[in-house]
Amino acid sequence: MNFQRGRRREELEINLIPMIDVLLVILIFLMITTTYSKFSGLEINLPTADAPQTKEQPNEVNVIVTAAGEIMVNKATVGARDVESIAAAMKRLTGAGSEPIVIINADAKAAHQSVVDVMQAAQQAGLSHISFAIQRTQR
């Protein structure tokens, strides 16, 4: 006998609304408590040196590059500005001793290509020790 004739059985379902509410509260809590860091740039500490200035060594090749692009090797003007002429001038000044140090004194307004040409000429002349001269600022 069926005593529940007009009554239908309700389907079971899981109510997701309370679970969504709890997850939103957890998400808001995490967003508020998290700290965000902004990096506007790299912070680096550059090394400093307060060594006394060394005297001119006898085995140096001083190359001067002017703002106009003129190149002088040990205060002698190089006629042409091509790499081969600069390398030939450097080879003439190197002695038979140890390998000399090439010191490049470039003007601040000298073309970058002129300095690169001097470096290429030093490589062609077989000189691998290259240094750049700077002007110290007065404190």
# chains A, B, ... in the order shown; residues from 1 in each chain; ligands from 1
call {"tool": "residues_around", "arguments": {"residues": "A:Ala67", "least_positions_apart": "6", "cutoff": "6 Å", "atoms": "only C-alpha atoms", "output": "MDAnalysis selection string"}}
result
chainID A and resid 107 109:110
call {"tool": "write_last_selection", "arguments": {"atoms": "C-alpha atoms", "output": "PDB file, in the first residue's frame"}}
result
ATOM      1  CA  ASP A 107      87.623  62.958 -25.364  1.00  0.00           C
ATOM      2  CA  LYS A 109      82.684  64.058 -27.133  1.00  0.00           C
ATOM      3  CA  ALA A 110      84.746  61.759 -29.359  1.00  0.00           C
TER       4      ALA A 110
END
call {"tool": "residues_around", "arguments": {"residues": "A:Gly79", "least_positions_apart": "4", "cutoff": "10 Å", "atoms": "only C-alpha atoms", "output": "list in words"}}
result
Glu70, Ile71, Met72, Ser85, Ile86 and Ala89 of chain A
call {"tool": "closest_residue", "arguments": {"among": "A:Ile14, A:Ala125, A:Met19, A:Leu30", "to": "A:Pro100", "atoms": "only C-alpha atoms"}}
result
A:Ala125
call {"tool": "residues_around", "arguments": {"residues": "A:Ala87", "least_positions_apart": "2", "cutoff": "12 Å", "atoms": "only C-alpha atoms", "output": "PDB file with N, CA and C atoms, in the first residue's frame"}}
result
ATOM      1  N   VAL A  61     101.790  52.654 -24.419  1.00  0.00           N
ATOM      2  CA  VAL A  61     101.458  53.297 -25.680  1.00  0.00           C
ATOM      3  C   VAL A  61     100.231  54.149 -25.406  1.00  0.00           C
ATOM      4  N   VAL A  63      97.364  56.514 -26.574  1.00  0.00           N
ATOM      5  CA  VAL A  63      96.604  56.863 -27.768  1.00  0.00           C
ATOM      6  C   VAL A  63      95.586  57.921 -27.368  1.00  0.00           C
ATOM      7  N   ILE A  71      93.569  61.192 -34.208  1.00  0.00           N
ATOM      8  CA  ILE A  71      94.174  60.164 -33.367  1.00  0.00           C
ATOM      9  C   ILE A  71      95.671  60.405 -33.303  1.00  0.00           C
ATOM     10  N   MET A  72      96.204  60.407 -32.070  1.00  0.00           N
ATOM     11  CA  MET A  72      97.642  60.577 -31.852  1.00  0.00           C
ATOM     12  C   MET A  72      98.146  59.402 -31.039  1.00  0.00           C
ATOM     13  N   VAL A  73      99.263  58.828 -31.476  1.00  0.00           N
ATOM     14  CA  VAL A  73      99.890  57.722 -30.761  1.00  0.00           C
ATOM     15  C   VAL A  73     101.193  58.249 -30.174  1.00  0.00           C
ATOM     16  N   VAL A  78      98.620  60.539 -36.212  1.00  0.00           N
ATOM     17  CA  VAL A  78      98.508  59.496 -37.235  1.00  0.00           C
ATOM     18  C   VAL A  78      97.828  60.144 -38.429  1.00  0.00           C
ATOM     19  N   ALA A  80      96.266  58.982 -41.319  1.00  0.00           N
ATOM     20  CA  ALA A  80      94.942  58.502 -41.697  1.00  0.00           C
ATOM     21  C   ALA A  80      94.208  58.010 -40.456  1.00  0.00           C
ATOM     22  N   ARG A  81      92.900  57.940 -40.574  1.00  0.00           N
ATOM     23  CA  ARG A  81      92.096  57.505 -39.433  1.00  0.00           C
ATOM     24  C   ARG A  81      91.638  56.064 -39.560  1.00  0.00           C
ATOM     25  N   ASP A  82      92.174  55.324 -40.508  1.00  0.00           N
ATOM     26  CA  ASP A  82      91.751  53.933 -40.671  1.00  0.00           C
ATOM     27  C   ASP A  82      92.500  53.032 -39.695  1.00  0.00           C
ATOM     28  N   VAL A  83      91.974  51.851 -39.501  1.00  0.00           N
ATOM     29  CA  VAL A  83      92.490  50.914 -38.500  1.00  0.00           C
ATOM     30  C   VAL A  83      93.919  50.479 -38.833  1.00  0.00           C
ATOM     31  N   GLU A  84      94.207  50.268 -40.111  1.00  0.00           N
ATOM     32  CA  GLU A  84      95.539  49.787 -40.507  1.00  0.00           C
ATOM     33  C   GLU A  84      96.629  50.822 -40.196  1.00  0.00           C
ATOM     34  N   SER A  85      96.349  52.095 -40.416  1.00  0.00           N
ATOM     35  CA  SER A  85      97.341  53.145 -40.127  1.00  0.00           C
ATOM     36  C   SER A  85      97.605  53.256 -38.631  1.00  0.00           C
ATOM     37  N   ALA A  89     101.189  52.457 -36.655  1.00  0.00           N
ATOM     38  CA  ALA A  89     101.823  53.405 -35.732  1.00  0.00           C
ATOM     39  C   ALA A  89     102.077  52.757 -34.374  1.00  0.00           C
ATOM     40  N   MET A  90     101.182  51.902 -33.929  1.00  0.00           N
ATOM     41  CA  MET A  90     101.370  51.214 -32.645  1.00  0.00           C
ATOM     42  C   MET A  90     102.501  50.192 -32.726  1.00  0.00           C
ATOM     43  N   LYS A  91     102.596  49.497 -33.855  1.00  0.00           N
ATOM     44  CA  LYS A  91     103.662  48.490 -34.021  1.00  0.00           C
ATOM     45  C   LYS A  91     105.040  49.140 -34.010  1.00  0.00           C
ATOM     46  N   ARG A  92     105.148  50.342 -34.597  1.00  0.00           N
ATOM     47  CA  ARG A  92     106.440  51.032 -34.630  1.00  0.00           C
ATOM     48  C   ARG A  92     106.911  51.391 -33.227  1.00  0.00           C
ATOM     49  N   LEU A  93     105.984  51.665 -32.327  1.00  0.00           N
ATOM     50  CA  LEU A  93     106.354  52.133 -30.994  1.00  0.00           C
ATOM     51  C   LEU A  93     106.540  51.003 -29.982  1.00  0.00           C
ATOM     52  N   THR A  94     106.168  49.796 -30.308  1.00  0.00           N
ATOM     53  CA  THR A  94     106.324  48.699 -29.350  1.00  0.00           C
ATOM     54  C   THR A  94     107.751  48.196 -29.393  1.00  0.00           C
ATOM     55  N   VAL A 102      98.256  49.552 -23.724  1.00  0.00           N
ATOM     56  CA  VAL A 102      97.683  50.612 -24.547  1.00  0.00           C
ATOM     57  C   VAL A 102      96.716  51.395 -23.670  1.00  0.00           C
ATOM     58  N   ASP A 117      87.756  51.855 -33.319  1.00  0.00           N
ATOM     59  CA  ASP A 117      88.831  51.692 -34.302  1.00  0.00           C
ATOM     60  C   ASP A 117      90.194  51.562 -33.620  1.00  0.00           C
ATOM     61  N   VAL A 118      90.418  52.338 -32.560  1.00  0.00           N
ATOM     62  CA  VAL A 118      91.680  52.244 -31.820  1.00  0.00           C
ATOM     63  C   VAL A 118      91.798  50.868 -31.174  1.00  0.00           C
ATOM     64  N   MET A 119      90.709  50.358 -30.628  1.00  0.00           N
ATOM     65  CA  MET A 119      90.735  49.029 -30.004  1.00  0.00           C
ATOM     66  C   MET A 119      91.007  47.938 -31.048  1.00  0.00           C
ATOM     67  N   GLN A 120      90.415  48.083 -32.230  1.00  0.00           N
ATOM     68  CA  GLN A 120      90.683  47.117 -33.310  1.00  0.00           C
ATOM     69  C   GLN A 120      92.137  47.200 -33.762  1.00  0.00           C
ATOM     70  N   ALA A 121      92.673  48.389 -33.839  1.00  0.00           N
ATOM     71  CA  ALA A 121      94.066  48.565 -34.248  1.00  0.00           C
ATOM     72  C   ALA A 121      95.005  47.930 -33.228  1.00  0.00           C
ATOM     73  N   ALA A 122      94.703  48.067 -31.949  1.00  0.00           N
ATOM     74  CA  ALA A 122      95.519  47.430 -30.919  1.00  0.00           C
ATOM     75  C   ALA A 122      95.475  45.912 -31.054  1.00  0.00           C
ATOM     76  N   GLN A 123      94.317  45.394 -31.393  1.00  0.00           N
ATOM     77  CA  GLN A 123      94.203  43.941 -31.593  1.00  0.00           C
ATOM     78  C   GLN A 123      95.026  43.507 -32.813  1.00  0.00           C
ATOM     79  N   GLN A 124      94.986  44.268 -33.893  1.00  0.00           N
ATOM     80  CA  GLN A 124      95.758  43.931 -35.087  1.00  0.00           C
ATOM     81  C   GLN A 124      97.257  44.042 -34.833  1.00  0.00           C
ATOM     82  N   ALA A 125      97.646  44.957 -33.958  1.00  0.00           N
ATOM     83  CA  ALA A 125      99.065  45.123 -33.644  1.00  0.00           C
ATOM     84  C   ALA A 125      99.549  44.075 -32.650  1.00  0.00           C
ATOM     85  N   GLY A 126      98.650  43.241 -32.150  1.00  0.00           N
ATOM     86  CA  GLY A 126      99.025  42.188 -31.210  1.00  0.00           C
ATOM     87  C   GLY A 126      99.104  42.668 -29.776  1.00  0.00           C
ATOM     88  N   LEU A 127      98.440  43.763 -29.467  1.00  0.00           N
ATOM     89  CA  LEU A 127      98.452  44.319 -28.115  1.00  0.00           C
ATOM     90  C   LEU A 127      97.107  44.018 -27.454  1.00  0.00           C
TER      91      LEU A 127
END
call {"tool": "atom_distance", "arguments": {"atom1": "atom CA of A:Val116", "atom2": "atom CA of A:Ile104"}}
result
10.5 Å
call {"tool": "atom_distance", "arguments": {"atom1": "atom CA of A:Leu24", "atom2": "atom CA of A:Glu11"}}
result
27.7 Å
call {"tool": "atom_distance", "arguments": {"atom1": "atom CA of A:His129", "atom2": "atom CA of A:Ile101"}}
result
5.0 Å
call {"tool": "decode", "arguments": {"residues": "stretch 67-87 of chain A", "atoms": "C-alpha atoms", "output": "CSV table (one decimal), in the first residue's frame"}}
result
chain,number,residue,atom,x,y,z
A,67,ALA,CA,86.6,65.3,-30.2
A,68,ALA,CA,87.2,66.0,-33.9
A,69,GLY,CA,88.3,62.4,-34.4
A,70,GLU,CA,92.0,63.0,-34.7
A,71,ILE,CA,94.2,60.2,-33.4
A,72,MET,CA,97.6,60.6,-31.9
A,73,VAL,CA,99.9,57.7,-30.8
A,74,ASN,CA,102.4,58.8,-28.1
A,75,LYS,CA,101.8,62.5,-29.1
A,76,ALA,CA,102.5,61.8,-32.8
A,77,THR,CA,99.6,62.4,-35.1
A,78,VAL,CA,98.5,59.5,-37.2
A,79,GLY,CA,97.9,60.7,-40.8
A,80,ALA,CA,94.9,58.5,-41.7
A,81,ARG,CA,92.1,57.5,-39.4
A,82,ASP,CA,91.8,53.9,-40.7
A,83,VAL,CA,92.5,50.9,-38.5
A,84,GLU,CA,95.5,49.8,-40.5
A,85,SER,CA,97.3,53.1,-40.1
A,86,ILE,CA,96.7,53.2,-36.4
A,87,ALA,CA,97.9,49.6,-36.0
